Amino acid sequence: MSKDFGKVLPVLFGFFVMGFCDVVGISTSYVKLDFNLSETLAGFIPSMVFIWFLLLSIPAAMAMNKAGRKNMVQISNIITVIGMLLPFIKYNFATCMLAFALLGIGNTILQVSLNPLLTNVVKGEALTSSLTAGQVVKAVSSFCGPFIAAFAAGTLGNWKYLFPVFAAVTLLSAIWLLATPIREEAPENSTSSPGAVFGLLKDSRILFLFLGIFFIVGLDVGVNTVSPKLLIERAGWAVEKAGLGSSVYFVCRTAGALLGSVLLARMNDIKYFRCNILGAAIVLIPLFFLKGAVPMLIMIGATGFLCSSVFSVIYSADLKARPEKANEISGLMITGVSGGAVIPPCMGALADLTGSQAGSLIIIGVCIVYLVWCSLRLKTA
């Protein structure tokens, strides 16, 4: 880790803003209730956030070559602030969808630029551990979201009051980073095109790691979204109380990422990935038939704990393999975050088809099966 913690801290704080996209999990339940949506239609709410990772990650990476990493982070902060103010000013279905879209656009640019920016203040073997530390900060943010929503709904009278809180924190992050000098490599006069960046997928290692990002984010958003629904369906909880499912998931993910940031500095990251994802596969099985709230919360929390460091391991593996292509690979890997746009609608459609949230869990199972295979292949790659 760089000795200059004054530069590390504002970058790591940017991961707190990155965690705001996960509020879409509990927000889906609130918006579904407020506007009387079907499971299938509600399943597209996370897509409003995560579809932009598919559409904008590569253009953002190319723009970063010219504008610089820090400037791109600041652009993302501006977009996020605007998005978070919209539903507070006027609350209806259209402004909610537009807010989630702007949140997704800002978060896409942030994830593309913030991860490489961290490499400007953290070097060498500490990178995987530092990326995991960033995921700890992101997980803390994700954990706070449902509590802020519940507080806003119960105490302030409407869950929408979480939006100005998010806007204020984003503005604080922008000001802190603005006041922090960070030396970057000179912006490249890059000749990369979208075709050339996607051409990196011809490398089989990059391809299966890209799909690993796609499925781990799909799993993360999927479990975040389905957790409250399982508690509503099987335990009869109200939506305000059911948000505890998302909070348990994120607090356990926070604990797992915190432990991972320590262990990954001392042990082989691929072995750590393999052991944890195999554990997650085992934990998923009881969720198909458990009905009690406490057992379900235990399994949900265990899933968050075991999957907490997978993104960091996969992302770091690619950055280490091709450091000269860090910006392009960052854009390509963050494109894989679009798994968060694809997986929830599939879960919603299967839940409507089967008449149960067990249908959603089948899709999560598919994600875990791929990640198990990815961990085994990465061992020999």
# chains A, B, ... in the order shown; residues from 1 in each chain; ligands from 1
$ residues_around --residues "segment 297-308 of chain A" --least-positions-apart "5" --cutoff "9 Å" --atoms "only C-alpha atoms" --output "VMD selection string"
chain A and resid 132 135 to 136 139 216 219 to 220 223 to 224 227 231 244 to 258 260 273 275 to 281 283 to 284 286 to 287 292
$ residues_around --residues "Phe20 of chain A" --least-positions-apart "6" --cutoff "12 Å" --atoms "only C-alpha atoms" --output "ChimeraX atom specification"
/A:14,26-27,49,77,80-81,83-84,99-100,102-104,106-108,110-111,137-146,148-149,162-163,165-167,169-170
$ closest_residue --among "A:Asp203, A:Asn71, A:Ser261, A:Cys96" --to "Asp34 of chain A" --atoms "only C-alpha atoms"
A:Cys96
$ closest_residue --among "A:Lys325, A:Arg266, A:Arg377, A:Arg205" --to "Met62 of chain A" --atoms "only C-alpha atoms"
A:Lys325
$ select_by_dssp --residues "segment 117-185 of chain A" --states "alpha helix (DSSP H)" --output "count of residues only"
45
$ closest_residue --among "A:Thr354, A:Ala174, A:Lys32, A:Leu9" --to "Met72 of chain A" --atoms "only C-alpha atoms"
A:Ala174
$ residues_around --residues "Trp176 of chain A" --least-positions-apart "5" --cutoff "12 Å" --atoms "only C-alpha atoms" --output "number ranges by chain"
A: 6-14, 70, 73-74, 77, 169-171, 181-182
$ write_last_selection --atoms "N, CA and C atoms" --output "PDB file, in the first residue's frame"
ATOM      1  N   GLY A   6      -3.000  10.011   2.499  1.00  0.00           N
ATOM      2  CA  GLY A   6      -3.792  11.182   2.153  1.00  0.00           C
ATOM      3  C   GLY A   6      -4.326  11.110   0.736  1.00  0.00           C
ATOM      4  N   LYS A   7      -3.636  10.361  -0.116  1.00  0.00           N
ATOM      5  CA  LYS A   7      -4.110  10.171  -1.488  1.00  0.00           C
ATOM      6  C   LYS A   7      -4.953   8.909  -1.619  1.00  0.00           C
ATOM      7  N   VAL A   8      -4.663   7.927  -0.800  1.00  0.00           N
ATOM      8  CA  VAL A   8      -5.402   6.673  -0.862  1.00  0.00           C
ATOM      9  C   VAL A   8      -6.839   6.856  -0.365  1.00  0.00           C
ATOM     10  N   LEU A   9      -7.009   7.589   0.717  1.00  0.00           N
ATOM     11  CA  LEU A   9      -8.312   7.691   1.370  1.00  0.00           C
ATOM     12  C   LEU A   9      -9.409   8.298   0.499  1.00  0.00           C
ATOM     13  N   PRO A  10      -9.170   9.422  -0.207  1.00  0.00           N
ATOM     14  CA  PRO A  10     -10.252   9.950  -1.044  1.00  0.00           C
ATOM     15  C   PRO A  10     -10.615   9.032  -2.201  1.00  0.00           C
ATOM     16  N   VAL A  11      -9.637   8.264  -2.679  1.00  0.00           N
ATOM     17  CA  VAL A  11      -9.938   7.294  -3.741  1.00  0.00           C
ATOM     18  C   VAL A  11     -10.796   6.172  -3.175  1.00  0.00           C
ATOM     19  N   LEU A  12     -10.424   5.667  -2.009  1.00  0.00           N
ATOM     20  CA  LEU A  12     -11.219   4.620  -1.381  1.00  0.00           C
ATOM     21  C   LEU A  12     -12.627   5.125  -1.032  1.00  0.00           C
ATOM     22  N   PHE A  13     -12.752   6.392  -0.656  1.00  0.00           N
ATOM     23  CA  PHE A  13     -14.069   6.935  -0.345  1.00  0.00           C
ATOM     24  C   PHE A  13     -14.969   6.943  -1.583  1.00  0.00           C
ATOM     25  N   GLY A  14     -14.347   7.023  -2.755  1.00  0.00           N
ATOM     26  CA  GLY A  14     -15.123   6.943  -3.988  1.00  0.00           C
ATOM     27  C   GLY A  14     -15.865   5.621  -4.112  1.00  0.00           C
ATOM     28  N   LYS A  70      -8.835  10.742 -12.984  1.00  0.00           N
ATOM     29  CA  LYS A  70      -9.438  11.589 -11.950  1.00  0.00           C
ATOM     30  C   LYS A  70     -10.563  12.442 -12.521  1.00  0.00           C
ATOM     31  N   VAL A  73     -13.670  10.405 -12.916  1.00  0.00           N
ATOM     32  CA  VAL A  73     -14.341  10.180 -11.634  1.00  0.00           C
ATOM     33  C   VAL A  73     -15.200  11.390 -11.282  1.00  0.00           C
ATOM     34  N   GLN A  74     -14.683  12.577 -11.512  1.00  0.00           N
ATOM     35  CA  GLN A  74     -15.439  13.778 -11.180  1.00  0.00           C
ATOM     36  C   GLN A  74     -16.673  13.951 -12.069  1.00  0.00           C
ATOM     37  N   ASN A  77     -19.310  11.836 -10.633  1.00  0.00           N
ATOM     38  CA  ASN A  77     -19.900  12.412  -9.429  1.00  0.00           C
ATOM     39  C   ASN A  77     -20.978  13.445  -9.777  1.00  0.00           C
ATOM     40  N   VAL A 169     -23.532  13.062  -0.053  1.00  0.00           N
ATOM     41  CA  VAL A 169     -22.319  12.264   0.123  1.00  0.00           C
ATOM     42  C   VAL A 169     -21.485  12.268  -1.152  1.00  0.00           C
ATOM     43  N   THR A 170     -22.151  12.182  -2.298  1.00  0.00           N
ATOM     44  CA  THR A 170     -21.445  12.228  -3.582  1.00  0.00           C
ATOM     45  C   THR A 170     -20.729  13.558  -3.761  1.00  0.00           C
ATOM     46  N   LEU A 171     -21.393  14.636  -3.388  1.00  0.00           N
ATOM     47  CA  LEU A 171     -20.781  15.965  -3.486  1.00  0.00           C
ATOM     48  C   LEU A 171     -19.566  16.062  -2.580  1.00  0.00           C
ATOM     49  N   PRO A 181      -4.162  16.100  -4.780  1.00  0.00           N
ATOM     50  CA  PRO A 181      -3.335  15.948  -5.989  1.00  0.00           C
ATOM     51  C   PRO A 181      -2.922  14.487  -6.188  1.00  0.00           C
ATOM     52  N   ILE A 182      -3.194  13.965  -7.365  1.00  0.00           N
ATOM     53  CA  ILE A 182      -2.810  12.589  -7.696  1.00  0.00           C
ATOM     54  C   ILE A 182      -2.087  12.617  -9.037  1.00  0.00           C
TER      55      ILE A 182
END
$ atom_distance --atom1 "atom CA of Phe15 of chain A" --atom2 "atom CA of Gly134 of chain A"
5.7 Å
$ closest_residue --among "A:Leu264, A:Ile343, A:Met296, A:Leu200" --to "Phe44 of chain A" --atoms "only C-alpha atoms"
A:Ile343
$ atom_distance --atom1 "atom CA of Asn268 of chain A" --atom2 "atom CA of Gly222 of chain A"
28.0 Å
$ atom_distance --atom1 "atom CA of Asn115 of chain A" --atom2 "atom CA of Cys346 of chain A"
28.8 Å
$ residues_around --residues "Leu332 of chain A" --least-positions-apart "4" --cutoff "8 Å" --atoms "only C-alpha atoms" --output "VMD selection string"
chain A and resid 57 to 58 197 to 198 210 328 336
$ residues_around --residues "Ile270 of chain A" --least-positions-apart "5" --cutoff "9 Å" --atoms "only C-alpha atoms" --output "PDB file with C-alpha atoms, in the first residue's frame"
ATOM      1  CA  CYS A 275     -12.705 -22.142  -1.651  1.00  0.00           C
ATOM      2  CA  VAL A 313      -9.807 -11.419  -7.565  1.00  0.00           C
ATOM      3  CA  ILE A 314     -11.151 -11.611 -11.113  1.00  0.00           C
ATOM      4  CA  ALA A 317      -6.140 -11.059 -12.364  1.00  0.00           C
ATOM      5  CA  SER A 375     -12.234 -20.675 -10.318  1.00  0.00           C
ATOM      6  CA  LEU A 376     -11.055 -24.121 -11.356  1.00  0.00           C
ATOM      7  CA  LEU A 378      -8.200 -19.867 -13.426  1.00  0.00           C
ATOM      8  CA  LYS A 379      -6.024 -22.182 -11.353  1.00  0.00           C
TER       9      LYS A 379
END
$ closest_residue --among "A:Ile109, A:Cys21, A:Val310, A:Ile82" --to "Thr335 of chain A" --atoms "only C-alpha atoms"
A:Ile109
$ residues_around --residues "Leu201 of chain A" --least-positions-apart "5" --cutoff "10 Å" --atoms "only C-alpha atoms" --output "ChimeraX atom specification"
/A:196,206-210,329,332
$ residues_around --residues "Gly68 of chain A" --least-positions-apart "2" --cutoff "12 Å" --atoms "only C-alpha atoms" --output "PyMOL selection string"
chain A and resi 60-66+70-75+109+112-114+116-117+120+182-190+327
$ write_last_selection --atoms "N, CA, C and O atoms" --output "short mmCIF file (atom, residue, chain, number, x, y, z; two decimals), in the first residue's frame"
data_model
loop_
_atom_site.label_atom_id
_atom_site.label_comp_id
_atom_site.auth_asym_id
_atom_site.auth_seq_id
_atom_site.Cartn_x
_atom_site.Cartn_y
_atom_site.Cartn_z
N ALA A 60 -16.38 4.96 -22.15
CA ALA A 60 -15.81 5.65 -21.00
C ALA A 60 -14.32 5.36 -20.87
O ALA A 60 -13.52 6.25 -20.54
N ALA A 61 -13.92 4.11 -21.14
CA ALA A 61 -12.51 3.75 -21.07
C ALA A 61 -11.70 4.49 -22.13
O ALA A 61 -10.59 4.96 -21.87
N MET A 62 -12.28 4.63 -23.32
CA MET A 62 -11.59 5.36 -24.39
C MET A 62 -11.49 6.84 -24.06
O MET A 62 -10.46 7.48 -24.29
N ALA A 63 -12.58 7.41 -23.50
CA ALA A 63 -12.55 8.82 -23.10
C ALA A 63 -11.53 9.05 -21.99
O ALA A 63 -10.89 10.10 -21.92
N MET A 64 -11.36 8.05 -21.12
CA MET A 64 -10.42 8.16 -20.01
C MET A 64 -8.99 8.27 -20.50
O MET A 64 -8.14 8.90 -19.85
N ASN A 65 -8.69 7.67 -21.65
CA ASN A 65 -7.35 7.77 -22.21
C ASN A 65 -6.97 9.22 -22.50
O ASN A 65 -5.80 9.60 -22.46
N LYS A 66 -7.98 10.04 -22.81
CA LYS A 66 -7.73 11.44 -23.14
C LYS A 66 -7.99 12.37 -21.95
O LYS A 66 -7.23 13.30 -21.70
N LYS A 70 -8.84 10.74 -12.98
CA LYS A 70 -9.44 11.59 -11.95
C LYS A 70 -10.56 12.44 -12.52
O LYS A 70 -11.62 12.59 -11.89
N ASN A 71 -10.37 13.00 -13.70
CA ASN A 71 -11.41 13.82 -14.31
C ASN A 71 -12.67 13.01 -14.60
O ASN A 71 -13.79 13.50 -14.45
N MET A 72 -12.48 11.77 -15.02
CA MET A 72 -13.64 10.92 -15.30
C MET A 72 -14.41 10.60 -14.02
O MET A 72 -15.64 10.53 -14.02
N VAL A 73 -13.67 10.41 -12.92
CA VAL A 73 -14.34 10.18 -11.63
C VAL A 73 -15.20 11.39 -11.28
O VAL A 73 -16.35 11.25 -10.82
N GLN A 74 -14.68 12.58 -11.51
CA GLN A 74 -15.44 13.78 -11.18
C GLN A 74 -16.67 13.95 -12.07
O GLN A 74 -17.73 14.40 -11.61
N ILE A 75 -16.55 13.59 -13.33
CA ILE A 75 -17.72 13.62 -14.22
C ILE A 75 -18.80 12.69 -13.69
O ILE A 75 -20.00 13.02 -13.68
N ILE A 109 -19.25 5.10 -15.26
CA ILE A 109 -18.03 5.91 -15.43
C ILE A 109 -17.14 5.80 -14.20
O ILE A 109 -15.92 5.71 -14.30
N VAL A 112 -15.35 2.36 -14.11
CA VAL A 112 -14.32 2.28 -15.14
C VAL A 112 -13.07 3.07 -14.74
O VAL A 112 -11.95 2.64 -14.98
N SER A 113 -13.27 4.22 -14.10
CA SER A 113 -12.14 5.12 -13.83
C SER A 113 -11.55 4.99 -12.43
O SER A 113 -10.35 5.21 -12.23
N LEU A 114 -12.38 4.63 -11.43
CA LEU A 114 -11.88 4.62 -10.05
C LEU A 114 -10.93 3.45 -9.79
O LEU A 114 -9.92 3.61 -9.10
N PRO A 116 -8.80 1.89 -11.95
CA PRO A 116 -7.46 2.23 -12.44
C PRO A 116 -6.82 3.38 -11.66
O PRO A 116 -5.60 3.41 -11.50
N LEU A 117 -7.65 4.35 -11.19
CA LEU A 117 -7.09 5.45 -10.41
C LEU A 117 -6.42 4.93 -9.14
O LEU A 117 -5.41 5.49 -8.68
N ASN A 120 -2.80 4.26 -9.31
CA ASN A 120 -1.89 5.40 -9.25
C ASN A 120 -1.43 5.71 -7.83
O ASN A 120 -0.47 6.46 -7.63
N ILE A 182 -3.19 13.96 -7.36
CA ILE A 182 -2.81 12.59 -7.70
C ILE A 182 -2.09 12.62 -9.04
O ILE A 182 -2.61 13.13 -10.03
N ARG A 183 -0.90 12.06 -9.04
CA ARG A 183 -0.12 12.03 -10.27
C ARG A 183 -0.53 10.84 -11.11
O ARG A 183 -0.46 9.69 -10.68
N GLU A 184 -0.96 11.12 -12.34
CA GLU A 184 -1.35 10.06 -13.27
C GLU A 184 -0.34 10.00 -14.40
O GLU A 184 0.42 10.94 -14.66
N GLU A 185 -0.37 8.87 -15.13
CA GLU A 185 0.37 8.81 -16.37
C GLU A 185 -0.24 9.82 -17.33
O GLU A 185 -1.43 10.14 -17.25
N ALA A 186 0.59 10.37 -18.22
CA ALA A 186 0.07 11.32 -19.20
C ALA A 186 -1.04 10.66 -20.01
O ALA A 186 -0.91 9.50 -20.41
N PRO A 187 -2.17 11.36 -20.24
CA PRO A 187 -3.24 10.78 -21.05
C PRO A 187 -2.72 10.32 -22.40
O PRO A 187 -1.92 10.99 -23.06
N GLU A 188 -3.18 9.15 -22.81
CA GLU A 188 -2.70 8.56 -24.05
C GLU A 188 -3.43 9.14 -25.25
O GLU A 188 -4.60 9.48 -25.19
N ASN A 189 -2.68 9.27 -26.36
CA ASN A 189 -3.32 9.52 -27.64
C ASN A 189 -3.67 8.16 -28.22
O ASN A 189 -3.05 7.67 -29.16
N SER A 190 -4.66 7.53 -27.62
CA SER A 190 -4.94 6.12 -27.91
C SER A 190 -5.60 5.96 -29.25
O SER A 190 -6.45 6.75 -29.66
N ASN A 327 -6.48 0.64 -18.94
CA ASN A 327 -7.70 1.39 -19.20
C ASN A 327 -8.69 0.59 -20.04
O ASN A 327 -9.89 0.54 -19.76
#
$ closest_residue --among "A:Phe88, A:Phe215, A:Phe16, A:Trp52" --to "Trp159 of chain A" --atoms "only C-alpha atoms"
A:Phe88
